[in-house]
Amino acid sequence: MKEPSQGRIFVRVTPEERMKIMQKMELAGVRKISAYMRKMAIDGHVIMLDLTDIKEVERLLGEYTDTLKKFEKKAEETGCIYLQDIKQLQTELDEIWETLKEILFRLSFIK
């Protein structure tokens, strides 16, 4: 079947989907649903993110926090902080920063 050169496209949505569309439309500052839908259909992007790296950063931060608390307790008990402990914290923090830099680098390519 040949597509008409002009015409309408009808899309059925649930009430929940319509509500989400209206909310996003409002956030975008668009008043007419036809203008918003046309813009999104032509220029919109669907971005699927793999959040595995973010979960890894969360895990690393948890480990860092645990280590920091352990060293804090040791410092309270002994009254001093050991250079080896500080170096371990720095190594863990460097690993977190490297992972974050890799994530930000990959995100910079999303357009």
# chains A, B, ... in the order shown; residues from 1 in each chain; ligands from 1
>>> select_by_dssp(residues="region 24-95 of chain A", states="alpha helix (DSSP H)", output="VMD selection string")
chain A and resid 24 to 28 33 to 43 52 to 78 83 to 95
>>> residues_around(residues="Lys69 (chain A)", least_positions_apart="6", cutoff="12 Å", atoms="only C-alpha atoms", output="VMD selection string")
chain A and resid 62 to 63 75 to 76 85 89
>>> closest_residue(among="A:Met40, A:Tyr82, A:Glu92, A:Ser34", to="Asp66 (chain A)", atoms="only C-alpha atoms")
A:Glu92
>>> residues_around(residues="Ile96 (chain A)", least_positions_apart="5", cutoff="8 Å", atoms="only C-alpha atoms", output="list in words")
Val57, Leu60 and Leu61 of chain A
>>> closest_residue(among="A:Phe71, A:Tyr64, A:Phe109, A:Tyr36", to="Ile21 (chain A)", atoms="only C-alpha atoms")
A:Tyr36
>>> atom_distance(atom1="CA of His45 (chain A)", atom2="CA of Glu17 (chain A)")
17.3 Å
>>> atom_distance(atom1="CA of Thr65 (chain A)", atom2="CA of Thr91 (chain A)")
13.2 Å
>>> atom_distance(atom1="CA of Ile110 (chain A)", atom2="CA of Ile42 (chain A)")
17.5 Å
>>> closest_residue(among="A:Ala35, A:Gly7, A:Lys24, A:Trp97", to="Ile54 (chain A)", atoms="only C-alpha atoms")
A:Trp97
>>> closest_residue(among="A:Val46, A:Asp53, A:Met19, A:Glu77", to="Glu98 (chain A)", atoms="only C-alpha atoms")
A:Asp53
